[in-house]
>>> print(open('target.csv').read())   # CSV, N, CA and C atoms
chain,number,residue,atom,x,y,z
D,1,MET,N,0.9,-1.2,0.0
D,1,MET,CA,0.0,0.0,0.0
D,1,MET,C,0.9,1.2,0.0
D,2,GLY,N,0.7,2.1,-1.0
D,2,GLY,CA,1.5,3.3,-1.1
D,2,GLY,C,1.0,4.4,-0.3
D,3,ASN,N,1.7,5.5,-0.2
D,3,ASN,CA,1.3,6.7,0.6
D,3,ASN,C,0.0,7.3,0.1
D,4,HIS,N,-0.3,7.0,-1.2
D,4,HIS,CA,-1.5,7.6,-1.8
D,4,HIS,C,-2.8,6.8,-1.4
D,5,ALA,N,-2.6,5.7,-0.7
D,5,ALA,CA,-3.7,4.8,-0.4
D,5,ALA,C,-4.4,5.1,1.0
D,6,PHE,N,-3.9,6.1,1.7
D,6,PHE,CA,-4.5,6.5,3.0
D,6,PHE,C,-4.6,8.0,3.1
D,7,PHE,N,-5.7,8.5,3.6
D,7,PHE,CA,-6.0,9.9,3.8
D,7,PHE,C,-6.9,10.0,5.0
D,8,GLN,N,-6.6,10.9,5.9
D,8,GLN,CA,-7.5,11.1,7.0
D,8,GLN,C,-7.7,12.6,7.2
D,9,ASN,N,-8.9,13.0,7.5
D,9,ASN,CA,-9.3,14.4,7.7
D,9,ASN,C,-9.9,14.5,9.1
D,10,ARG,N,-9.2,14.6,10.1
D,10,ARG,CA,-9.7,14.7,11.5
D,10,ARG,C,-10.4,16.0,11.7
D,11,ASP,N,-10.2,17.0,10.8
D,11,ASP,CA,-10.9,18.3,11.0
D,11,ASP,C,-12.3,18.3,10.4
D,12,CYS,N,-12.7,17.2,9.7
D,12,CYS,CA,-14.0,17.0,9.1
D,12,CYS,C,-15.0,17.0,10.2
D,13,ALA,N,-16.1,17.7,10.1
D,13,ALA,CA,-17.2,17.7,11.1
D,13,ALA,C,-17.8,16.4,11.3
D,14,PHE,N,-17.6,15.4,10.3
D,14,PHE,CA,-18.3,14.1,10.4
D,14,PHE,C,-17.3,13.0,10.8
D,15,PHE,N,-16.0,13.4,11.1
D,15,PHE,CA,-15.0,12.3,11.3
D,15,PHE,C,-15.2,11.7,12.7
D,16,PRO,N,-15.1,10.4,12.8
D,16,PRO,CA,-15.3,9.5,11.7
D,16,PRO,C,-16.8,9.3,11.4
D,17,CYS,N,-17.1,9.2,10.1
D,17,CYS,CA,-18.5,9.2,9.7
D,17,CYS,C,-19.2,7.8,10.0
D,18,HIS,N,-18.4,6.8,10.4
D,18,HIS,CA,-18.9,5.5,10.9
D,18,HIS,C,-18.3,5.2,12.2
D,19,GLU,N,-19.1,4.6,13.1
D,19,GLU,CA,-18.5,4.2,14.4
D,19,GLU,C,-17.4,3.2,14.2
D,20,THR,N,-16.3,3.4,14.8
D,20,THR,CA,-15.2,2.5,14.7
D,20,THR,C,-14.4,2.4,16.0
D,21,ALA,N,-13.8,1.2,16.2
D,21,ALA,CA,-13.0,1.1,17.4
D,21,ALA,C,-11.6,1.6,17.2
D,22,SER,N,-11.2,1.9,15.9
D,22,SER,CA,-9.9,2.3,15.5
D,22,SER,C,-9.9,3.6,14.7
D,23,PRO,N,-10.2,4.7,15.3
D,23,PRO,CA,-10.3,5.9,14.5
D,23,PRO,C,-8.9,6.3,13.9
D,24,GLU,N,-7.8,5.9,14.5
D,24,GLU,CA,-6.5,6.2,14.0
D,24,GLU,C,-6.2,5.5,12.6
D,25,GLU,N,-7.0,4.4,12.4
D,25,GLU,CA,-6.8,3.7,11.1
D,25,GLU,C,-8.0,4.0,10.1
D,26,PHE,N,-8.8,4.9,10.5
D,26,PHE,CA,-10.0,5.2,9.6
D,26,PHE,C,-9.5,5.9,8.4
D,27,ASN,N,-9.8,5.4,7.2
D,27,ASN,CA,-9.3,6.0,5.9
D,27,ASN,C,-10.5,6.8,5.3
D,28,CYS,N,-10.2,8.1,5.1
D,28,CYS,CA,-11.2,9.0,4.6
D,28,CYS,C,-11.1,9.1,3.0
D,29,LEU,N,-10.1,8.4,2.5
D,29,LEU,CA,-9.9,8.5,1.0
D,29,LEU,C,-11.1,8.2,0.2
D,30,PHE,N,-11.9,7.2,0.5
D,30,PHE,CA,-13.1,6.9,-0.2
D,30,PHE,C,-14.3,7.5,0.6
D,31,CYS,N,-14.4,8.7,0.8
D,31,CYS,CA,-15.4,9.4,1.6
D,31,CYS,C,-16.8,8.9,1.1
D,32,PHE,N,-17.0,9.0,-0.2
D,32,PHE,CA,-18.2,8.4,-0.8
D,32,PHE,C,-17.7,7.1,-1.5
D,33,CYS,N,-18.3,6.0,-1.1
D,33,CYS,CA,-17.8,4.7,-1.5
D,33,CYS,C,-17.9,4.5,-3.1
D,34,PRO,N,-16.8,4.2,-3.7
D,34,PRO,CA,-16.8,4.1,-5.2
D,34,PRO,C,-17.5,2.8,-5.6
D,35,LEU,N,-17.8,1.9,-4.7
D,35,LEU,CA,-18.4,0.6,-5.0
D,35,LEU,C,-19.9,0.7,-4.8
D,36,TYR,N,-20.5,1.8,-4.3
D,36,TYR,CA,-21.9,1.9,-4.0
D,36,TYR,C,-22.7,1.5,-5.2
D,37,HIS,N,-22.3,1.9,-6.4
D,37,HIS,CA,-23.1,1.7,-7.6
D,37,HIS,C,-23.2,0.2,-8.0
D,38,LEU,N,-22.4,-0.6,-7.3
D,38,LEU,CA,-22.5,-2.1,-7.6
D,38,LEU,C,-23.6,-2.7,-6.9
D,39,GLY,N,-24.4,-2.0,-6.1
D,39,GLY,CA,-25.5,-2.5,-5.4
D,39,GLY,C,-25.1,-3.6,-4.5
D,40,GLU,N,-25.8,-4.8,-4.5
D,40,GLU,CA,-25.6,-5.8,-3.6
D,40,GLU,C,-24.2,-6.5,-3.8
D,41,ALA,N,-23.6,-6.3,-5.0
D,41,ALA,CA,-22.3,-6.9,-5.3
D,41,ALA,C,-21.1,-6.0,-4.8
D,42,CYS,N,-21.4,-5.0,-4.0
D,42,CYS,CA,-20.3,-4.1,-3.6
D,42,CYS,C,-19.3,-4.8,-2.6
D,43,GLY,N,-19.7,-5.8,-1.9
D,43,GLY,CA,-18.8,-6.5,-1.0
D,43,GLY,C,-18.8,-5.9,0.4
D,44,GLY,N,-19.6,-4.9,0.6
D,44,GLY,CA,-19.6,-4.2,2.0
D,44,GLY,C,-20.7,-4.8,2.8
D,45,ASP,N,-20.8,-4.2,4.0
D,45,ASP,CA,-21.8,-4.6,5.0
D,45,ASP,C,-22.9,-3.5,5.0
D,46,PHE,N,-24.0,-3.9,4.4
D,46,PHE,CA,-25.1,-2.9,4.2
D,46,PHE,C,-26.4,-3.6,4.5
D,47,LEU,N,-27.4,-2.8,4.7
D,47,LEU,CA,-28.8,-3.2,4.8
D,47,LEU,C,-29.6,-2.6,3.7
D,48,CYS,N,-30.6,-3.3,3.3
D,48,CYS,CA,-31.5,-2.8,2.2
D,48,CYS,C,-32.9,-2.8,2.7
D,49,GLN,N,-33.6,-1.7,2.8
D,49,GLN,CA,-35.0,-1.6,3.3
D,49,GLN,C,-35.8,-0.8,2.3
D,50,ASN,N,-36.8,-1.3,1.8
D,50,ASN,CA,-37.7,-0.6,0.9
D,50,ASN,C,-37.0,-0.1,-0.3
D,51,GLY,N,-36.0,-0.8,-0.8
D,51,GLY,CA,-35.2,-0.5,-2.0
D,51,GLY,C,-34.2,0.6,-1.7
D,52,VAL,N,-33.9,0.9,-0.5
D,52,VAL,CA,-32.9,1.9,-0.1
D,52,VAL,C,-31.7,1.2,0.5
D,53,LYS,N,-30.5,1.4,0.0
D,53,LYS,CA,-29.3,0.8,0.5
D,53,LYS,C,-28.8,1.7,1.6
D,54,ASP,N,-28.6,1.1,2.8
D,54,ASP,CA,-28.1,1.8,4.0
D,54,ASP,C,-26.7,1.3,4.3
D,55,CYS,N,-25.7,2.1,4.1
D,55,CYS,CA,-24.3,1.7,4.3
D,55,CYS,C,-23.7,2.3,5.6
D,56,SER,N,-24.6,2.7,6.5
D,56,SER,CA,-24.1,3.4,7.7
D,56,SER,C,-23.3,2.5,8.6
D,57,ALA,N,-23.4,1.2,8.5
D,57,ALA,CA,-22.6,0.3,9.4
D,57,ALA,C,-21.4,-0.3,8.6
D,58,CYS,N,-21.2,0.2,7.4
D,58,CYS,CA,-20.1,-0.4,6.6
D,58,CYS,C,-18.8,0.3,6.7
D,59,LEU,N,-17.7,-0.4,7.0
D,59,LEU,CA,-16.4,0.1,7.1
D,59,LEU,C,-15.5,-0.3,6.0
D,60,TYR,N,-16.0,-1.1,5.1
D,60,TYR,CA,-15.2,-1.7,4.0
D,60,TYR,C,-14.3,-0.6,3.3
D,61,PRO,N,-14.8,0.5,2.8
D,61,PRO,CA,-14.0,1.4,2.1
D,61,PRO,C,-13.1,2.2,3.0
D,62,HIS,N,-13.3,2.2,4.3
D,62,HIS,CA,-12.5,3.0,5.2
D,62,HIS,C,-11.4,2.2,5.9
D,63,ASP,N,-11.3,0.9,5.5
D,63,ASP,CA,-10.2,0.1,6.0
D,63,ASP,C,-9.0,0.2,5.0
D,64,PRO,N,-7.9,0.7,5.4
D,64,PRO,CA,-6.8,0.9,4.5
D,64,PRO,C,-6.3,-0.4,3.8
D,65,ALA,N,-6.6,-1.6,4.4
D,65,ALA,CA,-6.2,-2.8,3.8
D,65,ALA,C,-7.0,-3.1,2.5
D,66,HIS,N,-8.2,-2.5,2.3
D,66,HIS,CA,-9.0,-2.8,1.2
D,66,HIS,C,-8.7,-1.9,0.0
D,67,TYR,N,-7.8,-1.0,0.1
D,67,TYR,CA,-7.5,0.0,-1.0
D,67,TYR,C,-7.2,-0.8,-2.3
D,68,GLY,N,-6.3,-1.8,-2.3
D,68,GLY,CA,-6.0,-2.5,-3.5
D,68,GLY,C,-7.1,-3.2,-4.1
D,69,GLU,N,-8.0,-3.8,-3.3
D,69,GLU,CA,-9.2,-4.5,-3.8
D,69,GLU,C,-10.1,-3.6,-4.5
D,70,ILE,N,-10.3,-2.4,-3.9
D,70,ILE,CA,-11.2,-1.4,-4.4
D,70,ILE,C,-10.7,-0.9,-5.8
D,71,ILE,N,-9.4,-0.6,-5.8
D,71,ILE,CA,-8.9,-0.1,-7.1
D,71,ILE,C,-8.9,-1.2,-8.1
D,72,ALA,N,-8.7,-2.4,-7.8
D,72,ALA,CA,-8.8,-3.5,-8.8
D,72,ALA,C,-10.2,-3.6,-9.3
D,73,ARG,N,-11.2,-3.5,-8.5
D,73,ARG,CA,-12.6,-3.6,-8.9
D,73,ARG,C,-13.0,-2.4,-9.8
D,74,LEU,N,-12.3,-1.3,-9.7
D,74,LEU,CA,-12.6,-0.1,-10.5
D,74,LEU,C,-11.8,0.0,-11.8
D,75,THR,N,-10.8,-0.8,-11.9
D,75,THR,CA,-9.9,-0.7,-13.0
D,75,THR,C,-10.5,-1.6,-14.1
D,76,PRO,N,-10.8,-1.0,-15.3
D,76,PRO,CA,-11.3,-1.8,-16.4
D,76,PRO,C,-10.3,-2.8,-16.9
D,77,THR,N,-10.8,-3.9,-17.3
D,77,THR,CA,-9.9,-5.0,-17.9
D,77,THR,C,-10.0,-4.8,-19.4
D,78,LYS,N,-8.9,-5.2,-20.1
D,78,LYS,CA,-8.8,-5.1,-21.5
D,78,LYS,C,-9.2,-6.4,-22.2
>>> encode(input="target.csv", output="C-alpha coordinates")
Amino acid sequence: MGNHAFFQNRDCAFFPCHETASPEEFNCLFCFCPLYHLGEACGGDFLCQNGVKDCSACLYPHDPAHYGEIIARLTPTK
(Lines of atoms letter the chains of each structure in order from A and count residues from 1; the text may use other names and numbers.)
(Lines give C-alpha, C1' and ligand atoms only; values in the text may rest on other atoms or scores of the structure.)
Protein backbone atom coordinates (compact mmCIF):
# COMPACT_ATOMS: atom_id res chain seq x y z
CA MET A 1 0.00 0.00 0.00
CA GLY A 2 1.54 3.29 -1.12
CA ASN A 3 1.30 6.68 0.56
CA HIS A 4 -1.54 7.58 -1.80
CA ALA A 5 -3.71 4.79 -0.35
CA PHE A 6 -4.50 6.49 2.95
CA PHE A 7 -5.96 9.89 3.81
CA GLN A 8 -7.49 11.10 7.01
CA ASN A 9 -9.25 14.38 7.75
CA ARG A 10 -9.71 14.69 11.49
CA ASP A 11 -10.91 18.30 10.98
CA CYS A 12 -14.00 17.04 9.12
CA ALA A 13 -17.19 17.72 11.07
CA PHE A 14 -18.25 14.13 10.41
CA PHE A 15 -15.00 12.35 11.34
CA PRO A 16 -15.29 9.47 11.70
CA CYS A 17 -18.48 9.17 9.69
CA HIS A 18 -18.94 5.55 10.86
CA GLU A 19 -18.53 4.21 14.37
CA THR A 20 -15.17 2.48 14.70
CA ALA A 21 -12.96 1.06 17.41
CA SER A 22 -9.86 2.28 15.54
CA PRO A 23 -10.27 5.93 14.49
CA GLU A 24 -6.50 6.21 13.96
CA GLU A 25 -6.82 3.68 11.11
CA PHE A 26 -9.98 5.19 9.61
CA ASN A 27 -9.35 5.95 5.94
CA CYS A 28 -11.23 8.97 4.55
CA LEU A 29 -9.88 8.48 1.02
CA PHE A 30 -13.13 6.95 -0.20
CA CYS A 31 -15.44 9.35 1.61
CA PHE A 32 -18.16 8.39 -0.84
CA CYS A 33 -17.85 4.68 -1.54
CA PRO A 34 -16.82 4.09 -5.16
CA LEU A 35 -18.43 0.63 -5.00
CA TYR A 36 -21.88 1.90 -4.03
CA HIS A 37 -23.09 1.70 -7.62
CA LEU A 38 -22.48 -2.06 -7.62
CA GLY A 39 -25.53 -2.54 -5.43
CA GLU A 40 -25.57 -5.85 -3.57
CA ALA A 41 -22.30 -6.89 -5.28
CA CYS A 42 -20.30 -4.11 -3.56
CA GLY A 43 -18.84 -6.48 -0.98
CA GLY A 44 -19.59 -4.23 1.96
CA ASP A 45 -21.78 -4.59 5.01
CA PHE A 46 -25.10 -2.91 4.23
CA LEU A 47 -28.82 -3.22 4.83
CA CYS A 48 -31.50 -2.77 2.23
CA GLN A 49 -34.95 -1.61 3.28
CA ASN A 50 -37.72 -0.60 0.90
CA GLY A 51 -35.23 -0.46 -1.96
CA VAL A 52 -32.90 1.93 -0.12
CA LYS A 53 -29.31 0.83 0.49
CA ASP A 54 -28.12 1.77 3.99
CA CYS A 55 -24.32 1.69 4.29
CA SER A 56 -24.09 3.43 7.66
CA ALA A 57 -22.61 0.32 9.35
CA CYS A 58 -20.11 -0.41 6.57
CA LEU A 59 -16.40 0.13 7.14
CA TYR A 60 -15.16 -1.68 4.02
CA PRO A 61 -13.99 1.41 2.05
CA HIS A 62 -12.55 2.96 5.23
CA ASP A 63 -10.19 0.06 5.97
CA PRO A 64 -6.75 0.87 4.49
CA ALA A 65 -6.22 -2.84 3.78
CA HIS A 66 -9.02 -2.75 1.17
CA TYR A 67 -7.46 -0.04 -1.00
CA GLY A 68 -5.96 -2.50 -3.50
CA GLU A 69 -9.17 -4.52 -3.77
CA ILE A 70 -11.24 -1.41 -4.41
CA ILE A 71 -8.85 -0.07 -7.07
CA ALA A 72 -8.77 -3.49 -8.76
CA ARG A 73 -12.57 -3.57 -8.94
CA LEU A 74 -12.64 -0.09 -10.47
CA THR A 75 -9.92 -0.73 -13.03
CA PRO A 76 -11.33 -1.78 -16.40
CA THR A 77 -9.92 -4.95 -17.93
CA LYS A 78 -8.83 -5.06 -21.54
>>> atom_distance(input="target.csv", atom1="atom C of Ala57 of chain D", atom2="atom C of Cys12 of chain D")
18.5 Å
>>> select_by_dssp(input="target.csv", residues="chain D", states="strand (DSSP E)", output="NGL selection string")
:D and (47-49 or 52-54)
>>> closest_residue(input="target.csv", among="D:Pro61, D:Phe46, D:Phe6, D:Thr20", to="Phe32 of chain D", atoms="only N, CA and C atoms")
D:Pro61
>>> residues_around(input="target.csv", residues="Cys55 of chain D", least_positions_apart="4", cutoff="7 Å", atoms="only N, CA and C atoms", output="PyMOL selection string")
chain D and resi 45-47+59
>>> residues_around(input="target.csv", residues="Leu74 of chain D", least_positions_apart="5", cutoff="8 Å", atoms="only N, CA and C atoms", output="ChimeraX atom specification")
/D:34-35,68-69
>>> select_by_dssp(input="target.csv", residues="chain D", states="helix (DSSP H, G or I)", output="list of chain:residue names")
D:Asn3, D:His4, D:Ala5, D:Pro23, D:Glu24, D:Glu25, D:Tyr36, D:His37, D:Leu38, D:Gly39, D:Glu40, D:Ala41, D:Cys42, D:Tyr60, D:Pro61, D:His62, D:Pro64, D:Ala65, D:His66, D:Tyr67, D:Gly68, D:Glu69, D:Ile70, D:Ile71, D:Ala72, D:Arg73, D:Leu74
>>> closest_residue(input="target.csv", among="D:Phe15, D:Gly43, D:His4, D:Glu24", to="Tyr60 of chain D", atoms="all atoms listed in the file")
D:Gly43
>>> atom_distance(input="target.csv", atom1="atom C of Lys78 of chain D", atom2="atom N of His66 of chain D")
24.8 Å
>>> build_atoms(input="target.csv", residues="segment 26-37 of chain D", atoms="all heavy atoms", output="mmCIF file, in the frame of the given file")
data_model
loop_
_atom_site.group_PDB
_atom_site.id
_atom_site.type_symbol
_atom_site.label_atom_id
_atom_site.label_comp_id
_atom_site.auth_asym_id
_atom_site.auth_seq_id
_atom_site.Cartn_x
_atom_site.Cartn_y
_atom_site.Cartn_z
ATOM 1 N N PHE D 26 -8.800 4.900 10.500
ATOM 2 C CA PHE D 26 -10.000 5.200 9.600
ATOM 3 C C PHE D 26 -9.500 5.900 8.400
ATOM 4 O O PHE D 26 -8.983 7.036 8.445
ATOM 5 C CB PHE D 26 -10.997 6.028 10.392
ATOM 6 C CG PHE D 26 -12.330 6.145 9.726
ATOM 7 C CD1 PHE D 26 -13.299 5.186 9.916
ATOM 8 C CD2 PHE D 26 -12.610 7.219 8.905
ATOM 9 C CE1 PHE D 26 -14.535 5.292 9.315
ATOM 10 C CE2 PHE D 26 -13.838 7.339 8.281
ATOM 11 C CZ PHE D 26 -14.803 6.367 8.495
ATOM 12 N N ASN D 27 -9.800 5.400 7.200
ATOM 13 C CA ASN D 27 -9.300 6.000 5.900
ATOM 14 C C ASN D 27 -10.500 6.800 5.300
ATOM 15 O O ASN D 27 -11.539 6.257 5.001
ATOM 16 C CB ASN D 27 -8.934 4.836 4.970
ATOM 17 C CG ASN D 27 -8.204 5.346 3.754
ATOM 18 O OD1 ASN D 27 -8.005 6.537 3.591
ATOM 19 N ND2 ASN D 27 -7.805 4.437 2.891
ATOM 20 N N CYS D 28 -10.200 8.100 5.100
ATOM 21 C CA CYS D 28 -11.200 9.000 4.600
ATOM 22 C C CYS D 28 -11.100 9.100 3.000
ATOM 23 O O CYS D 28 -11.860 9.813 2.401
ATOM 24 C CB CYS D 28 -11.084 10.360 5.156
ATOM 25 S SG CYS D 28 -11.253 10.433 6.940
ATOM 26 N N LEU D 29 -10.100 8.400 2.500
ATOM 27 C CA LEU D 29 -9.900 8.500 1.000
ATOM 28 C C LEU D 29 -11.100 8.200 0.200
ATOM 29 O O LEU D 29 -11.399 8.985 -0.759
ATOM 30 C CB LEU D 29 -8.793 7.483 0.606
ATOM 31 C CG LEU D 29 -8.360 7.539 -0.849
ATOM 32 C CD1 LEU D 29 -7.702 8.877 -1.164
ATOM 33 C CD2 LEU D 29 -7.402 6.402 -1.155
ATOM 34 N N PHE D 30 -11.900 7.200 0.500
ATOM 35 C CA PHE D 30 -13.100 6.900 -0.200
ATOM 36 C C PHE D 30 -14.300 7.500 0.600
ATOM 37 O O PHE D 30 -15.146 6.689 1.091
ATOM 38 C CB PHE D 30 -13.276 5.444 -0.481
ATOM 39 C CG PHE D 30 -12.163 4.891 -1.332
ATOM 40 C CD1 PHE D 30 -11.333 3.896 -0.859
ATOM 41 C CD2 PHE D 30 -11.969 5.365 -2.620
ATOM 42 C CE1 PHE D 30 -10.311 3.378 -1.655
ATOM 43 C CE2 PHE D 30 -10.956 4.855 -3.415
ATOM 44 C CZ PHE D 30 -10.127 3.856 -2.931
ATOM 45 N N CYS D 31 -14.400 8.700 0.800
ATOM 46 C CA CYS D 31 -15.400 9.400 1.600
ATOM 47 C C CYS D 31 -16.800 8.900 1.100
ATOM 48 O O CYS D 31 -17.689 8.573 1.857
ATOM 49 C CB CYS D 31 -15.291 10.872 1.556
ATOM 50 S SG CYS D 31 -16.504 11.761 2.542
ATOM 51 N N PHE D 32 -17.000 9.000 -0.200
ATOM 52 C CA PHE D 32 -18.200 8.400 -0.800
ATOM 53 C C PHE D 32 -17.700 7.100 -1.500
ATOM 54 O O PHE D 32 -16.782 7.076 -2.291
ATOM 55 C CB PHE D 32 -18.749 9.314 -1.905
ATOM 56 C CG PHE D 32 -19.967 8.722 -2.551
ATOM 57 C CD1 PHE D 32 -21.200 8.820 -1.940
ATOM 58 C CD2 PHE D 32 -19.871 8.042 -3.746
ATOM 59 C CE1 PHE D 32 -22.320 8.258 -2.526
ATOM 60 C CE2 PHE D 32 -20.991 7.480 -4.331
ATOM 61 C CZ PHE D 32 -22.212 7.590 -3.718
ATOM 62 N N CYS D 33 -18.300 6.000 -1.100
ATOM 63 C CA CYS D 33 -17.800 4.700 -1.500
ATOM 64 C C CYS D 33 -17.900 4.500 -3.100
ATOM 65 O O CYS D 33 -19.014 4.652 -3.644
ATOM 66 C CB CYS D 33 -18.665 3.576 -0.884
ATOM 67 S SG CYS D 33 -18.106 1.923 -1.347
ATOM 68 N N PRO D 34 -16.800 4.200 -3.700
ATOM 69 C CA PRO D 34 -16.800 4.100 -5.200
ATOM 70 C C PRO D 34 -17.500 2.800 -5.600
ATOM 71 O O PRO D 34 -17.691 2.588 -6.798
ATOM 72 C CB PRO D 34 -15.329 4.111 -5.526
ATOM 73 C CG PRO D 34 -14.638 3.621 -4.317
ATOM 74 C CD PRO D 34 -15.462 4.116 -3.155
ATOM 75 N N LEU D 35 -17.800 1.900 -4.700
ATOM 76 C CA LEU D 35 -18.400 0.600 -5.000
ATOM 77 C C LEU D 35 -19.900 0.700 -4.800
ATOM 78 O O LEU D 35 -20.631 -0.303 -5.079
ATOM 79 C CB LEU D 35 -17.820 -0.509 -4.167
ATOM 80 C CG LEU D 35 -16.300 -0.682 -4.305
ATOM 81 C CD1 LEU D 35 -15.811 -1.764 -3.363
ATOM 82 C CD2 LEU D 35 -15.917 -0.987 -5.741
ATOM 83 N N TYR D 36 -20.500 1.800 -4.300
ATOM 84 C CA TYR D 36 -21.900 1.900 -4.000
ATOM 85 C C TYR D 36 -22.700 1.500 -5.200
ATOM 86 O O TYR D 36 -23.745 0.830 -5.112
ATOM 87 C CB TYR D 36 -22.204 3.324 -3.570
ATOM 88 C CG TYR D 36 -23.655 3.523 -3.229
ATOM 89 C CD1 TYR D 36 -24.128 3.197 -1.979
ATOM 90 C CD2 TYR D 36 -24.554 4.025 -4.169
ATOM 91 C CE1 TYR D 36 -25.462 3.366 -1.647
ATOM 92 C CE2 TYR D 36 -25.887 4.200 -3.858
ATOM 93 C CZ TYR D 36 -26.337 3.873 -2.597
ATOM 94 O OH TYR D 36 -27.659 4.037 -2.283
ATOM 95 N N HIS D 37 -22.300 1.900 -6.400
ATOM 96 C CA HIS D 37 -23.100 1.700 -7.600
ATOM 97 C C HIS D 37 -23.200 0.200 -8.000
ATOM 98 O O HIS D 37 -24.038 -0.146 -8.808
ATOM 99 C CB HIS D 37 -22.483 2.484 -8.793
ATOM 100 C CG HIS D 37 -21.189 1.897 -9.271
ATOM 101 N ND1 HIS D 37 -20.002 2.064 -8.593
ATOM 102 C CD2 HIS D 37 -20.908 1.121 -10.331
ATOM 103 C CE1 HIS D 37 -19.045 1.415 -9.225
ATOM 104 N NE2 HIS D 37 -19.562 0.839 -10.290
#
